[in-house]
Every structure is written in structure tokens, then in C-alpha cells.
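What follows is final_19.txt (compact mmCIF, C-alpha atoms and all ligand atoms).
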# COMPACT_ATOMS: atom_id res chain seq x y z
CA MET A 1048 -8.20 -12.26 -24.06
CA PRO A 1049 -4.45 -12.78 -24.40
CA LEU A 1050 -2.98 -15.38 -22.09
CA SER A 1051 -1.07 -13.71 -19.28
CA LEU A 1052 0.92 -14.91 -16.31
CA PRO A 1053 -0.84 -14.26 -13.00
CA PRO A 1054 1.30 -12.47 -10.36
CA ALA A 1055 3.38 -14.72 -8.10
CA ALA A 1056 1.52 -13.36 -5.10
CA ARG A 1057 -1.34 -11.11 -4.09
CA VAL A 1058 -1.00 -8.56 -1.32
CA GLY A 1059 -2.77 -10.02 1.71
CA ALA A 1060 -2.28 -13.64 0.61
CA LEU A 1061 -0.62 -16.19 2.86
CA LEU A 1062 3.05 -16.86 2.18
CA ASN A 1063 2.10 -20.45 1.56
CA GLU A 1064 0.02 -19.35 -1.44
CA VAL A 1065 2.95 -17.73 -3.29
CA ASP A 1066 3.66 -19.21 -6.72
CA THR A 1067 7.26 -20.31 -7.03
CA PRO A 1068 10.09 -19.73 -7.57
CA ALA A 1069 9.74 -16.29 -5.99
CA LEU A 1070 12.22 -14.02 -4.28
CA LEU A 1071 11.02 -13.07 -0.80
CA LEU A 1072 11.92 -10.37 1.69
CA ASP A 1073 11.11 -10.82 5.36
CA LEU A 1074 10.12 -7.26 6.21
CA ALA A 1075 10.70 -7.47 9.95
CA ALA A 1076 14.25 -8.85 9.54
CA PHE A 1077 14.95 -6.35 6.75
CA GLU A 1078 13.83 -3.43 8.93
CA ARG A 1079 16.04 -4.64 11.77
CA ASN A 1080 19.03 -4.91 9.41
CA VAL A 1081 18.45 -1.40 8.05
CA ALA A 1082 18.05 0.08 11.54
CA ARG A 1083 21.06 -1.78 12.93
CA MET A 1084 23.42 -0.61 10.18
CA GLN A 1085 22.13 2.96 10.33
CA ALA A 1086 22.52 3.11 14.11
CA ALA A 1087 26.06 1.73 13.94
CA VAL A 1088 27.19 4.12 11.20
CA SER A 1089 25.44 7.19 12.63
CA GLY A 1090 26.69 6.28 16.10
CA ALA A 1091 30.25 6.41 14.79
CA GLY A 1092 29.56 9.84 13.30
CA LEU A 1093 29.80 8.60 9.69
CA ALA A 1094 27.44 8.77 6.74
CA LEU A 1095 25.79 5.66 5.30
CA ARG A 1096 25.43 5.38 1.54
CA PRO A 1097 24.30 1.77 1.05
CA HIS A 1098 25.18 -0.03 -2.14
CA ALA A 1099 22.05 -0.50 -4.26
CA LYS A 1100 23.74 -3.03 -6.55
CA ALA A 1101 23.06 -5.50 -3.73
CA HIS A 1102 19.27 -5.27 -4.20
CA LYS A 1103 18.48 -3.23 -7.34
CA THR A 1104 15.15 -2.33 -5.73
CA PRO A 1105 14.08 1.33 -5.46
CA ALA A 1106 11.67 0.62 -2.57
CA ILE A 1107 14.60 -0.73 -0.54
CA ALA A 1108 16.70 2.33 -1.33
CA LEU A 1109 13.87 4.63 -0.25
CA ALA A 1110 13.54 2.71 3.03
CA GLN A 1111 17.29 3.03 3.63
CA ILE A 1112 17.14 6.77 2.96
CA ALA A 1113 14.09 7.17 5.19
CA ALA A 1114 16.14 5.51 7.94
CA GLY A 1115 18.94 8.06 7.53
CA ALA A 1116 21.13 7.08 4.56
CA VAL A 1117 22.50 10.08 2.63
CA GLY A 1118 21.80 8.44 -0.74
CA VAL A 1119 22.87 5.23 -2.45
CA CYS A 1120 25.72 3.85 -4.52
CA CYS A 1121 25.17 2.26 -7.89
CA GLN A 1122 27.84 0.36 -9.74
CA LYS A 1123 26.78 1.33 -13.26
CA VAL A 1124 25.18 4.46 -14.68
CA SER A 1125 22.26 2.49 -16.16
CA GLU A 1126 21.62 0.91 -12.75
CA ALA A 1127 21.03 4.39 -11.31
CA LEU A 1128 18.16 5.24 -13.65
CA PRO A 1129 15.31 3.39 -11.84
CA PHE A 1130 16.48 4.85 -8.53
CA ILE A 1131 16.38 8.37 -9.98
CA ALA A 1132 12.91 7.64 -11.41
CA ALA A 1133 11.79 6.56 -7.92
CA GLY A 1134 12.97 9.87 -6.44
CA VAL A 1135 16.44 9.08 -5.08
CA LYS A 1136 18.22 12.43 -5.19
CA ASN A 1137 21.82 11.55 -4.39
CA ILE A 1138 23.65 8.73 -6.17
CA HIS A 1139 27.32 7.83 -6.23
CA ILE A 1140 28.53 5.68 -9.12
CA SER A 1141 31.16 3.75 -7.17
CA ASN A 1142 32.98 2.90 -10.32
CA GLU A 1143 34.78 4.40 -13.29
CA VAL A 1144 32.98 5.44 -16.47
CA GLY A 1145 34.91 3.86 -19.33
CA ASN A 1146 33.81 5.79 -22.40
CA ALA A 1147 32.10 8.90 -23.75
CA THR A 1148 28.70 7.19 -24.17
CA LYS A 1149 28.46 6.37 -20.49
CA ALA A 1150 29.77 9.80 -19.51
CA THR A 1151 26.97 11.36 -21.60
CA LEU A 1152 24.32 9.32 -19.80
CA LEU A 1153 25.82 10.24 -16.44
CA ALA A 1154 25.90 13.94 -17.34
CA GLU A 1155 22.23 13.70 -18.32
CA ALA A 1156 21.40 11.89 -15.07
CA ALA A 1157 22.95 14.82 -13.23
CA ARG A 1158 20.00 16.95 -14.39
CA HIS A 1159 17.76 14.85 -12.11
CA ALA A 1160 19.91 13.99 -9.10
CA GLN A 1161 23.15 14.93 -7.38
CA MET A 1162 25.54 12.47 -9.03
CA SER A 1163 29.11 11.52 -8.27
CA VAL A 1164 31.51 9.10 -9.93
CA CYS A 1165 35.01 7.65 -9.57
CA ALA A 1166 38.04 8.34 -11.74
CA ASP A 1167 41.47 6.75 -11.88
CA ASN A 1168 42.62 7.95 -15.31
CA ALA A 1169 42.92 11.28 -17.11
CA ARG A 1170 40.87 10.05 -20.07
CA GLN A 1171 37.85 9.41 -17.85
CA ILE A 1172 38.10 13.01 -16.69
CA GLU A 1173 38.18 14.20 -20.31
CA TRP A 1174 35.00 12.23 -21.07
CA LEU A 1175 33.27 13.54 -17.95
CA ALA A 1176 34.34 17.10 -18.69
CA ALA A 1177 33.13 17.01 -22.29
CA ALA A 1178 29.79 15.36 -21.38
CA THR A 1179 28.99 17.76 -18.53
CA ARG A 1180 30.03 20.77 -20.62
CA GLU A 1181 27.61 19.60 -23.34
CA ALA A 1182 24.77 18.87 -20.87
CA GLY A 1183 25.42 21.93 -18.74
CA THR A 1184 25.51 19.81 -15.57
CA LYS A 1185 27.87 19.26 -12.64
CA LEU A 1186 29.41 16.15 -11.13
CA ASP A 1187 31.31 15.32 -7.96
CA VAL A 1188 34.39 13.26 -8.76
CA PHE A 1189 36.09 10.86 -6.36
CA VAL A 1190 39.57 9.67 -7.18
CA GLU A 1191 39.65 5.94 -6.52
CA ILE A 1192 42.73 4.59 -4.79
CA ASP A 1193 43.76 0.93 -4.74
CA ILE A 1194 44.06 -0.22 -1.13
CA GLY A 1195 44.95 -3.79 -1.97
CA GLN A 1196 42.19 -5.22 -4.14
CA LYS A 1197 44.09 -4.65 -7.39
CA ARG A 1198 40.90 -3.79 -9.24
CA CYS A 1199 40.36 -0.11 -10.06
CA GLY A 1200 42.19 2.79 -8.46
CA VAL A 1201 45.49 4.64 -8.55
CA ALA A 1202 48.44 3.64 -6.40
CA GLY A 1203 48.98 6.67 -4.18
CA SER A 1204 48.93 10.38 -3.49
CA ALA A 1205 51.25 11.36 -6.37
CA GLU A 1206 48.77 9.87 -8.87
CA VAL A 1207 45.86 11.52 -7.07
CA MET A 1208 47.63 14.89 -7.35
CA ARG A 1209 48.13 14.38 -11.09
CA LEU A 1210 44.41 13.69 -11.54
CA LEU A 1211 43.58 16.79 -9.50
CA ASP A 1212 45.61 18.79 -12.03
CA ASP A 1213 43.49 17.20 -14.79
CA LEU A 1214 40.29 18.11 -12.93
CA ALA A 1215 41.32 21.68 -12.14
CA PRO A 1216 40.38 23.35 -15.46
CA HIS A 1217 36.83 21.95 -15.30
CA GLY A 1218 34.78 23.97 -12.85
CA GLN A 1219 31.77 21.70 -13.35
CA LEU A 1220 33.75 18.72 -11.95
CA ARG A 1221 34.30 19.04 -8.21
CA PHE A 1222 36.86 16.95 -6.35
CA ALA A 1223 34.80 15.34 -3.56
CA GLY A 1224 37.41 13.06 -2.03
CA LEU A 1225 38.60 9.46 -2.31
CA GLN A 1226 37.01 6.09 -2.85
CA ALA A 1227 38.89 3.29 -1.10
CA TYR A 1228 37.25 -0.14 -1.31
CA GLN A 1229 38.85 -3.52 -0.59
CA GLY A 1230 36.46 -6.27 -1.67
CA ARG A 1231 38.75 -9.17 -0.85
CA VAL A 1232 38.67 -8.36 2.84
CA GLN A 1233 34.90 -8.72 3.09
CA HIS A 1234 34.70 -12.51 3.00
CA LEU A 1235 37.73 -13.48 5.06
CA ARG A 1236 36.07 -15.83 7.53
CA GLY A 1237 37.98 -15.37 10.77
CA HIS A 1238 37.08 -12.26 12.76
CA GLN A 1239 40.69 -11.48 13.66
CA GLU A 1240 42.07 -12.04 10.15
CA ARG A 1241 39.27 -9.85 8.72
CA PHE A 1242 40.07 -7.18 11.29
CA GLU A 1243 43.78 -7.22 10.44
CA ALA A 1244 43.17 -7.15 6.68
CA ALA A 1245 40.60 -4.34 6.99
CA ARG A 1246 43.05 -2.35 9.11
CA ARG A 1247 45.87 -2.86 6.57
CA ALA A 1248 43.53 -1.59 3.84
CA SER A 1249 42.26 1.45 5.77
CA ASP A 1250 45.83 2.27 6.84
CA ARG A 1251 46.77 2.49 3.16
CA ALA A 1252 43.93 4.95 2.63
CA ALA A 1253 45.00 6.91 5.72
CA VAL A 1254 48.51 7.34 4.31
CA VAL A 1255 47.13 8.81 1.07
CA VAL A 1256 44.79 11.16 2.98
CA ALA A 1257 47.68 12.35 5.18
CA GLU A 1258 50.02 12.93 2.24
CA LEU A 1259 47.32 14.88 0.39
CA SER A 1260 46.64 16.93 3.49
CA LYS A 1261 50.35 17.79 3.75
CA ALA A 1262 50.15 19.01 0.15
CA GLY A 1263 47.16 21.19 1.06
CA VAL A 1264 44.48 18.93 -0.45
CA HIS A 1265 41.49 18.21 1.77
CA CYS A 1266 39.46 15.03 1.17
CA GLU A 1267 35.95 16.00 2.18
CA THR A 1268 34.68 12.43 1.88
CA VAL A 1269 36.45 9.08 2.01
CA THR A 1270 33.96 6.47 0.87
CA GLY A 1271 34.20 2.68 0.87
CA SER A 1272 33.68 -0.39 3.09
CA GLY A 1273 31.31 -3.34 2.88
CA THR A 1274 29.23 -5.64 5.05
CA GLY A 1275 32.24 -7.76 6.05
CA SER A 1276 34.57 -4.93 7.08
CA VAL A 1277 32.16 -2.25 8.28
CA GLU A 1278 32.55 -2.99 11.99
CA PHE A 1279 36.29 -2.32 11.65
CA ASP A 1280 36.07 0.55 9.17
CA LEU A 1281 33.79 2.52 11.51
CA GLY A 1282 36.68 2.98 13.90
CA SER A 1283 39.42 3.33 11.30
CA GLY A 1284 39.53 7.11 11.54
CA VAL A 1285 39.76 7.41 7.76
CA TYR A 1286 36.33 6.58 6.30
CA THR A 1287 33.66 9.25 6.44
CA GLU A 1288 31.09 7.26 4.43
CA ILE A 1289 30.15 3.57 4.39
CA GLN A 1290 29.04 1.77 1.20
CA ALA A 1291 27.91 -1.61 2.57
CA GLY A 1292 25.16 -3.31 0.58
CA SER A 1293 24.58 -7.00 1.30
CA TYR A 1294 23.55 -6.45 4.93
CA VAL A 1295 19.96 -5.68 3.89
CA GLY A 1296 19.20 -9.25 2.87
CA MET A 1297 22.33 -11.26 3.79
CA ASP A 1298 23.27 -14.52 2.09
CA VAL A 1299 24.92 -17.85 2.82
CA ASP A 1300 28.34 -16.54 1.95
CA TYR A 1301 28.22 -13.60 4.37
CA ALA A 1302 26.68 -15.80 7.07
CA ARG A 1303 29.86 -17.93 6.94
CA ASN A 1304 31.93 -15.03 8.27
CA GLU A 1305 32.75 -15.23 11.94
CA TYR A 1306 31.17 -12.24 13.73
CA ALA A 1307 32.62 -11.80 17.17
CA GLY A 1308 31.35 -8.23 17.50
CA ALA A 1309 27.80 -7.06 18.03
CA LEU A 1310 27.29 -5.88 14.46
CA ARG A 1311 25.74 -8.80 12.64
CA PHE A 1312 22.80 -9.02 10.32
CA GLU A 1313 19.92 -11.43 9.81
CA HIS A 1314 18.76 -13.38 6.80
CA ALA A 1315 15.92 -11.35 5.30
CA LEU A 1316 16.21 -12.63 1.73
CA PHE A 1317 14.79 -16.01 0.75
CA LEU A 1318 13.96 -17.85 -2.39
CA ALA A 1319 10.62 -19.63 -2.13
CA CYS A 1320 10.48 -22.89 -4.06
CA ARG A 1321 8.21 -25.94 -4.10
CA VAL A 1322 8.74 -29.65 -4.29
CA MET A 1323 7.73 -30.77 -7.79
CA SER A 1324 8.93 -34.38 -7.66
CA GLN A 1325 10.29 -36.92 -5.20
CA GLY A 1326 12.10 -38.92 -7.88
CA ASP A 1327 12.36 -42.45 -6.52
CA GLY A 1328 11.10 -41.22 -3.14
CA THR A 1329 14.50 -40.48 -1.60
CA ARG A 1330 14.74 -36.80 -2.53
CA ALA A 1331 12.73 -33.65 -2.95
CA VAL A 1332 13.26 -32.06 -6.35
CA VAL A 1333 12.41 -28.35 -6.13
CA ASP A 1334 11.51 -25.92 -8.89
CA ALA A 1335 14.41 -23.48 -8.35
CA GLY A 1336 17.77 -23.91 -10.02
CA LEU A 1337 20.37 -21.79 -11.75
CA LYS A 1338 17.77 -19.51 -13.32
CA SER A 1339 16.54 -18.44 -9.87
CA LEU A 1340 19.67 -18.61 -7.72
CA ALA A 1341 23.23 -17.36 -8.10
CA VAL A 1342 25.66 -20.02 -6.89
CA ASP A 1343 29.03 -18.44 -7.66
CA THR A 1344 29.82 -18.46 -3.92
CA GLY A 1345 28.11 -21.78 -3.16
CA LEU A 1346 24.75 -23.52 -3.06
CA PRO A 1347 21.78 -22.18 -1.11
CA THR A 1348 20.88 -23.56 2.29
CA VAL A 1349 17.43 -24.79 3.29
CA TRP A 1350 15.93 -22.49 5.92
CA GLY A 1351 14.61 -24.00 9.12
CA ARG A 1352 14.88 -27.64 7.96
CA GLU A 1353 17.27 -30.49 8.53
CA ALA A 1354 17.92 -30.77 4.82
CA ASP A 1355 20.57 -29.90 2.23
CA TYR A 1356 20.22 -28.47 -1.25
CA THR A 1357 22.77 -30.68 -2.99
CA ILE A 1358 22.57 -30.56 -6.77
CA ILE A 1359 21.56 -27.68 -9.00
CA SER A 1360 20.58 -27.61 -12.67
CA ASP A 1361 18.86 -24.97 -14.79
CA GLU A 1362 15.35 -25.32 -13.34
CA HIS A 1363 15.78 -28.00 -10.66
CA GLY A 1364 17.39 -28.43 -7.30
CA THR A 1365 17.76 -31.62 -5.29
CA VAL A 1366 17.03 -31.41 -1.57
CA ILE A 1367 18.03 -34.34 0.67
CA PRO A 1368 16.70 -34.51 4.23
CA ARG A 1369 19.35 -35.06 6.91
CA SER A 1370 16.66 -36.47 9.15
CA GLY A 1371 12.91 -36.95 8.93
CA PRO A 1372 10.73 -37.53 5.89
CA VAL A 1373 11.35 -36.30 2.34
CA PRO A 1374 9.40 -33.02 1.89
CA GLY A 1375 6.12 -33.73 0.11
CA LEU A 1376 4.89 -32.66 -3.31
CA ASP A 1377 3.92 -28.97 -3.46
CA GLU A 1378 5.53 -28.32 -0.09
CA LEU A 1379 6.95 -24.79 0.17
CA LEU A 1380 10.63 -24.57 1.09
CA LEU A 1381 12.55 -21.38 1.77
CA LEU A 1382 16.13 -21.25 0.57
CA VAL A 1383 18.82 -18.78 1.65
CA PRO A 1384 20.61 -17.71 -1.55
CA GLY A 1385 24.38 -18.27 -1.76
CA HIS A 1386 25.05 -14.76 -3.09
CA CYS A 1387 22.44 -12.02 -2.79
CA ASP A 1388 23.53 -9.48 -5.47
CA PRO A 1389 23.35 -11.70 -8.55
CA THR A 1390 20.29 -13.51 -7.16
CA PHE A 1391 18.35 -10.21 -7.06
CA ASN A 1392 19.46 -9.69 -10.64
CA LEU A 1393 17.60 -12.86 -11.71
CA HIS A 1394 14.17 -11.66 -10.55
CA ASN A 1395 11.68 -9.00 -11.63
CA GLU A 1396 9.92 -8.60 -8.32
CA LEU A 1397 10.32 -9.07 -4.63
CA VAL A 1398 7.50 -10.56 -2.60
CA VAL A 1399 7.61 -8.73 0.72
CA PHE A 1400 6.07 -10.49 3.70
CA ARG A 1401 5.49 -10.02 7.42
CA ASP A 1402 4.29 -12.78 9.73
CA ASP A 1403 3.41 -15.19 6.90
CA ARG A 1404 1.34 -12.62 4.97
CA VAL A 1405 2.34 -10.89 1.76
CA GLU A 1406 2.50 -7.18 2.48
CA ALA A 1407 3.77 -5.76 -0.84
CA ILE A 1408 5.29 -6.60 -4.18
CA TRP A 1409 8.34 -4.45 -4.95
CA PRO A 1410 9.70 -4.21 -8.50
CA ILE A 1411 13.41 -5.05 -8.76
CA ALA A 1412 13.52 -2.26 -11.28
CA ALA A 1413 17.28 -2.15 -11.86
CA ARG A 1414 17.44 -5.87 -12.56
CA GLY A 1415 19.50 -6.52 -15.71
CA LEU A 1416 20.81 -2.95 -15.91
CA SER A 1417 24.54 -3.45 -16.08
CA ARG A 1418 25.59 -1.06 -18.86
C1 LIG A 1501 32.70 -0.42 -4.67
C2 LIG A 1501 31.88 -1.26 -3.74
N1 LIG A 1501 31.40 -0.70 -2.61
C3 LIG A 1501 30.64 -1.38 -1.75
C4 LIG A 1501 30.32 -2.72 -1.99
C5 LIG A 1501 29.36 -3.38 -1.02
O1 LIG A 1501 29.77 -4.51 -0.46
P1 LIG A 1501 28.82 -5.57 0.29
O2 LIG A 1501 27.65 -5.90 -0.57
O3 LIG A 1501 29.75 -6.69 0.42
O4 LIG A 1501 28.40 -4.94 1.54
C6 LIG A 1501 30.83 -3.35 -3.13
C7 LIG A 1501 30.54 -4.78 -3.38
O5 LIG A 1501 31.10 -5.45 -4.19
C8 LIG A 1501 31.63 -2.59 -4.05
O6 LIG A 1501 32.10 -3.14 -5.17

Please express what this file holds, its structure, as C-alpha cells.
Amino acid sequence: MPLSLPPAARVGALLNEVDTPALLLDLAAFERNVARMQAAVSGAGLALRPHAKAHKTPAIALAQIAAGAVGVCCQKVSEALPFIAAGVKNIHISNEVGNATKATLLAEAARHAQMSVCADNARQIEWLAAATREAGTKLDVFVEIDIGQKRCGVAGSAEVMRLLDDLAPHGQLRFAGLQAYQGRVQHLRGHQERFEAARRASDRAAVVVAELSKAGVHCETVTGSGTGSVEFDLGSGVYTEIQAGSYVGMDVDYARNEYAGALRFEHALFLACRVMSQGDGTRAVVDAGLKSLAVDTGLPTVWGREADYTIISDEHGTVIPRSGPVPGLDELLLLVPGHCDPTFNLHNELVVFRDDRVEAIWPIAARGLSR
């Protein structure tokens, strides 16, 4: 028999029996996060289209849709494929497609699901038009406007109008509205400064919508927003659809935001690791390092312990207790990842637990799909 790796966990096993490192989802906290976001967005009369780049997990997307989401966002066309395979019927690529190859894949995907995409350049529209003509499919196109991030997006309504002229000859490409996303606002720590920055961003979008309306162009959907700005964007009067993603699992970085309002989310995502050495007895060296945790926004925190994760290397992390004894060999520690999106992207499966028991193993099927 060929040698094979046993699964990290068995359904029904105790959490304490999970082999590590393993990415965990606390089902009860996850369900509360999903319900809380859906209630807030629906309560404001808006649509929720959560960003699936945050979790790359079809089972999570299906749970979000079952709770009321209209579909999901993906950031890349390849990322959408596992979600389509799992039965997600409505996917927005919240990004531009930068060549004919990707436009061809997107046009093919549109045979299986209602697909939409962003554009901020006439050449993208040419690629989309040619690919959909060839495939015999249809796409919804959102013109992306830059509301301060200085990433993708055109500057204002005059540029939007020019792109509408480029879209007009192609009946298979329908203008669906605007995408307006300001990522830099999301992680401003202070509640008031985040509010003011989110309002400046949504006001820029509102100006474009008003100018288009004056010119007789109706924006059916204005899509954008994220976990850090959603509470302000709900009342902005301009967004009709919310794209927040990280709220499902949360991470250390988002937890550092100050949330004065009622809309806050719980840590549902953890990285289980075990103590594999105590070195000279003063530290716990755990078996999860850079290959299990994304640290671009900072190191993980140790959940429920007076201890700090202090040094990270490829396959090791050093945990120092602030008080009490050094965690013992083989002891299970739960870490809260610094940044959820790229941490999901490091793992093949999600060990889903409730009350200390493993309830399911969910494939992180879009992991690694960034083309
Ligand atoms: C276009 C777009 N929409 C929505 C989001 C979701 O943001 P978050 O995960 O911070 O909620 C992102 C995140 O980077 C994004 O790039």
C-alpha cells in the first residue's frame, strides 16, 4: 500500500485530537457572523454579495447564500471556478480582466453561472466583447470608479460615459452599474476617522452616480464596501450592494479596529498548532510558522491564553507566556491569524468544529487559484 497522509481530523473527533497545523472554523461563531452581517445589510434594504476571496471555501459561500446573500464576489476568474462547480449561480468578478485569455475563461464561465466583471479601460471591453461573441454568452459589466484607493477604476463620470459608448455596440455586455471600493479605509483604527474616510469615499461615488443620472444613465447597482466600512456604507445612500468578506472569520488586524457601533464580528477562524519543543524550558515552540500563517499585517495572537506569539520562521513559532507555566509538549494552542485571506490560501481544508467536536471538513477549493 502506498504511504499516505492521514486526514488532520475525523468528523466526530475531539478538537484536541486534530493533527496540526490545521485551520479551524468555529461553526457557532461563524454562523453568528453570517447572520449578523446579513441582518444588518438586509435591514438597510441592501443586497449582500460577500467576498469569497476572504475564505476560498465553497461551503462557506453556500452558507452565506442560504442566509440571504445574492451571490458572491471573486477577485480572479480562476477563483470563481470551484464556486461554480459547487453550485453558486451568481458571481461578480470584482476586478478587471487584463487580457483575452482571461476574458475567454470568463465568457466560458458565463455558460454555468450569471457572471459580472469590472472594466476601467476600452481594451478590456474589446476582450470581453470578443470572448462572449465567440462563446455565445452574456456578461454584466460594472464600470469601476476610483473613490480614493488609487488602485483600479476611472476618475469620474466623463470616463464612465466614454466606456458606456464602448459597451453600447455589444448587446451581450450589459451595463449593470458601478463598483466603488476603497480598501484603505477598512483598517483605519479609530471609529470616527474610519467613518469620515468612508463618508469621503462614498460621497465621491455619490457624485458620479448623480452626474450619470443627470445625463440619463441609471446605475442599477453600486457595489463595494468591506468589513471595516460596512457600518457606514449601509447608510451612505449610494451603495446598493455590500462586498464585505473578512467578517466571516475575522483576524487580528480587523480586531484592532475600534468598533463603537453595534456591528462587530467574532473570531471564528483559528489556526490549531501544538507545542513541539520547549527549547531551554523558557518558551513553547509551536509547529506553525510562515507556511501556515500569513503575517503581512502582523503576528497571530494566542487565543484564550496569557501568552504571546513572538518569533516566526518557516515551520516554527515561539510562544512566550506572560504569566503562568510554559505550555507543555503536545499541548494544543489556538492562534488567531493576523490576516485571514492569505492564511486561507495556505491551507487545503478547513476543520469545522462546534463545542470541541469536529463537525465537518470543508475543502478550501479555491486555494491557490489566483490566475
Ligand atoms: C474589491 C473588494 N471588495 C471587497 C473586499 C472585501 O473586504 P474585506 O475582506 O476587508 O471585508 C475587498 C478586499 O480586499 C476587495 O478588494

Length of the CA of Ala1075 (chain A) to CA of Ile1408 (chain A) vector [Å]: 15.2 Å

Throw together the list of residues within 9 Å of ligand LIG 1501 (chain A), counting only C-alpha atoms and all ligand atoms, and drop it here as a PDB file with C-alpha atoms, in the coordinates of the input.
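And here's part17.pdb as it stands now:
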ATOM      1  CA  PRO A1097      24.300   1.770   1.050  1.00  0.00           C
ATOM      2  CA  HIS A1098      25.180  -0.030  -2.140  1.00  0.00           C
ATOM      3  CA  ALA A1099      22.050  -0.500  -4.260  1.00  0.00           C
ATOM      4  CA  LYS A1100      23.740  -3.030  -6.550  1.00  0.00           C
ATOM      5  CA  ALA A1101      23.060  -5.500  -3.730  1.00  0.00           C
ATOM      6  CA  CYS A1120      25.720   3.850  -4.520  1.00  0.00           C
ATOM      7  CA  CYS A1121      25.170   2.260  -7.890  1.00  0.00           C
ATOM      8  CA  GLN A1122      27.840   0.360  -9.740  1.00  0.00           C
ATOM      9  CA  ILE A1140      28.530   5.680  -9.120  1.00  0.00           C
ATOM     10  CA  SER A1141      31.160   3.750  -7.170  1.00  0.00           C
ATOM     11  CA  ASN A1142      32.980   2.900 -10.320  1.00  0.00           C
ATOM     12  CA  GLN A1226      37.010   6.090  -2.850  1.00  0.00           C
ATOM     13  CA  ALA A1227      38.890   3.290  -1.100  1.00  0.00           C
ATOM     14  CA  TYR A1228      37.250  -0.140  -1.310  1.00  0.00           C
ATOM     15  CA  GLN A1229      38.850  -3.520  -0.590  1.00  0.00           C
ATOM     16  CA  GLY A1230      36.460  -6.270  -1.670  1.00  0.00           C
ATOM     17  CA  GLN A1233      34.900  -8.720   3.090  1.00  0.00           C
ATOM     18  CA  HIS A1234      34.700 -12.510   3.000  1.00  0.00           C
ATOM     19  CA  THR A1270      33.960   6.470   0.870  1.00  0.00           C
ATOM     20  CA  GLY A1271      34.200   2.680   0.870  1.00  0.00           C
ATOM     21  CA  SER A1272      33.680  -0.390   3.090  1.00  0.00           C
ATOM     22  CA  GLY A1273      31.310  -3.340   2.880  1.00  0.00           C
ATOM     23  CA  THR A1274      29.230  -5.640   5.050  1.00  0.00           C
ATOM     24  CA  GLY A1275      32.240  -7.760   6.050  1.00  0.00           C
ATOM     25  CA  SER A1276      34.570  -4.930   7.080  1.00  0.00           C
ATOM     26  CA  VAL A1277      32.160  -2.250   8.280  1.00  0.00           C
ATOM     27  CA  ILE A1289      30.150   3.570   4.390  1.00  0.00           C
ATOM     28  CA  GLN A1290      29.040   1.770   1.200  1.00  0.00           C
ATOM     29  CA  ALA A1291      27.910  -1.610   2.570  1.00  0.00           C
ATOM     30  CA  GLY A1292      25.160  -3.310   0.580  1.00  0.00           C
ATOM     31  CA  SER A1293      24.580  -7.000   1.300  1.00  0.00           C
ATOM     32  CA  TYR A1294      23.550  -6.450   4.930  1.00  0.00           C
ATOM     33  CA  VAL A1295      19.960  -5.680   3.890  1.00  0.00           C
ATOM     34  CA  MET A1297      22.330 -11.260   3.790  1.00  0.00           C
ATOM     35  CA  TYR A1301      28.220 -13.600   4.370  1.00  0.00           C
ATOM     36  CA  CYS A1387      22.440 -12.020  -2.790  1.00  0.00           C
ATOM     37  CA  ASP A1388      23.530  -9.480  -5.470  1.00  0.00           C
TER      38      ASP A1388
END

Using the file's own x, y and z axes, so that the box edges lie along x, y and z, what centre and edge lengths in Å (one decimal) does a box around every listed atom of region 1124-1134 of chain A get when 4 Å is added on each side? Give it as lines of an AutoDock Vina configuration file.
center_x = 18.5
center_y = 5.4
center_z = -11.3
size_x = 21.4
size_y = 17.0
size_z = 17.7

Who sits within 10 Å of Leu1109 (chain A), all atoms listed in the file, same chain under 6 positions skipped, as a ChimeraX atom specification: /A:1115-1116,1118-1119,1130,1133-1135

Nearest-residue call for Ala1245 (chain A), choices A:Ile1194, A:Thr1287, A:Leu1310, A:Glu1206, using only C-alpha atoms: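 Closest candidate: A:Ile1194.
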
Do a neighbour search on region 1251-1267 of chain A at 6 Å with all atoms listed in the file, toss out local chain neighbours closer than 5 positions, and write the hits as a compact mmCIF listing (two decimals) with C-alpha atoms, in the frame of the given file.
# COMPACT_ATOMS: atom_id res chain seq x y z
CA ILE A 1194 44.06 -0.22 -1.13
CA GLY A 1203 48.98 6.67 -4.18
CA SER A 1204 48.93 10.38 -3.49
CA ALA A 1223 34.80 15.34 -3.56
CA GLY A 1224 37.41 13.06 -2.03
CA VAL A 1285 39.76 7.41 7.76
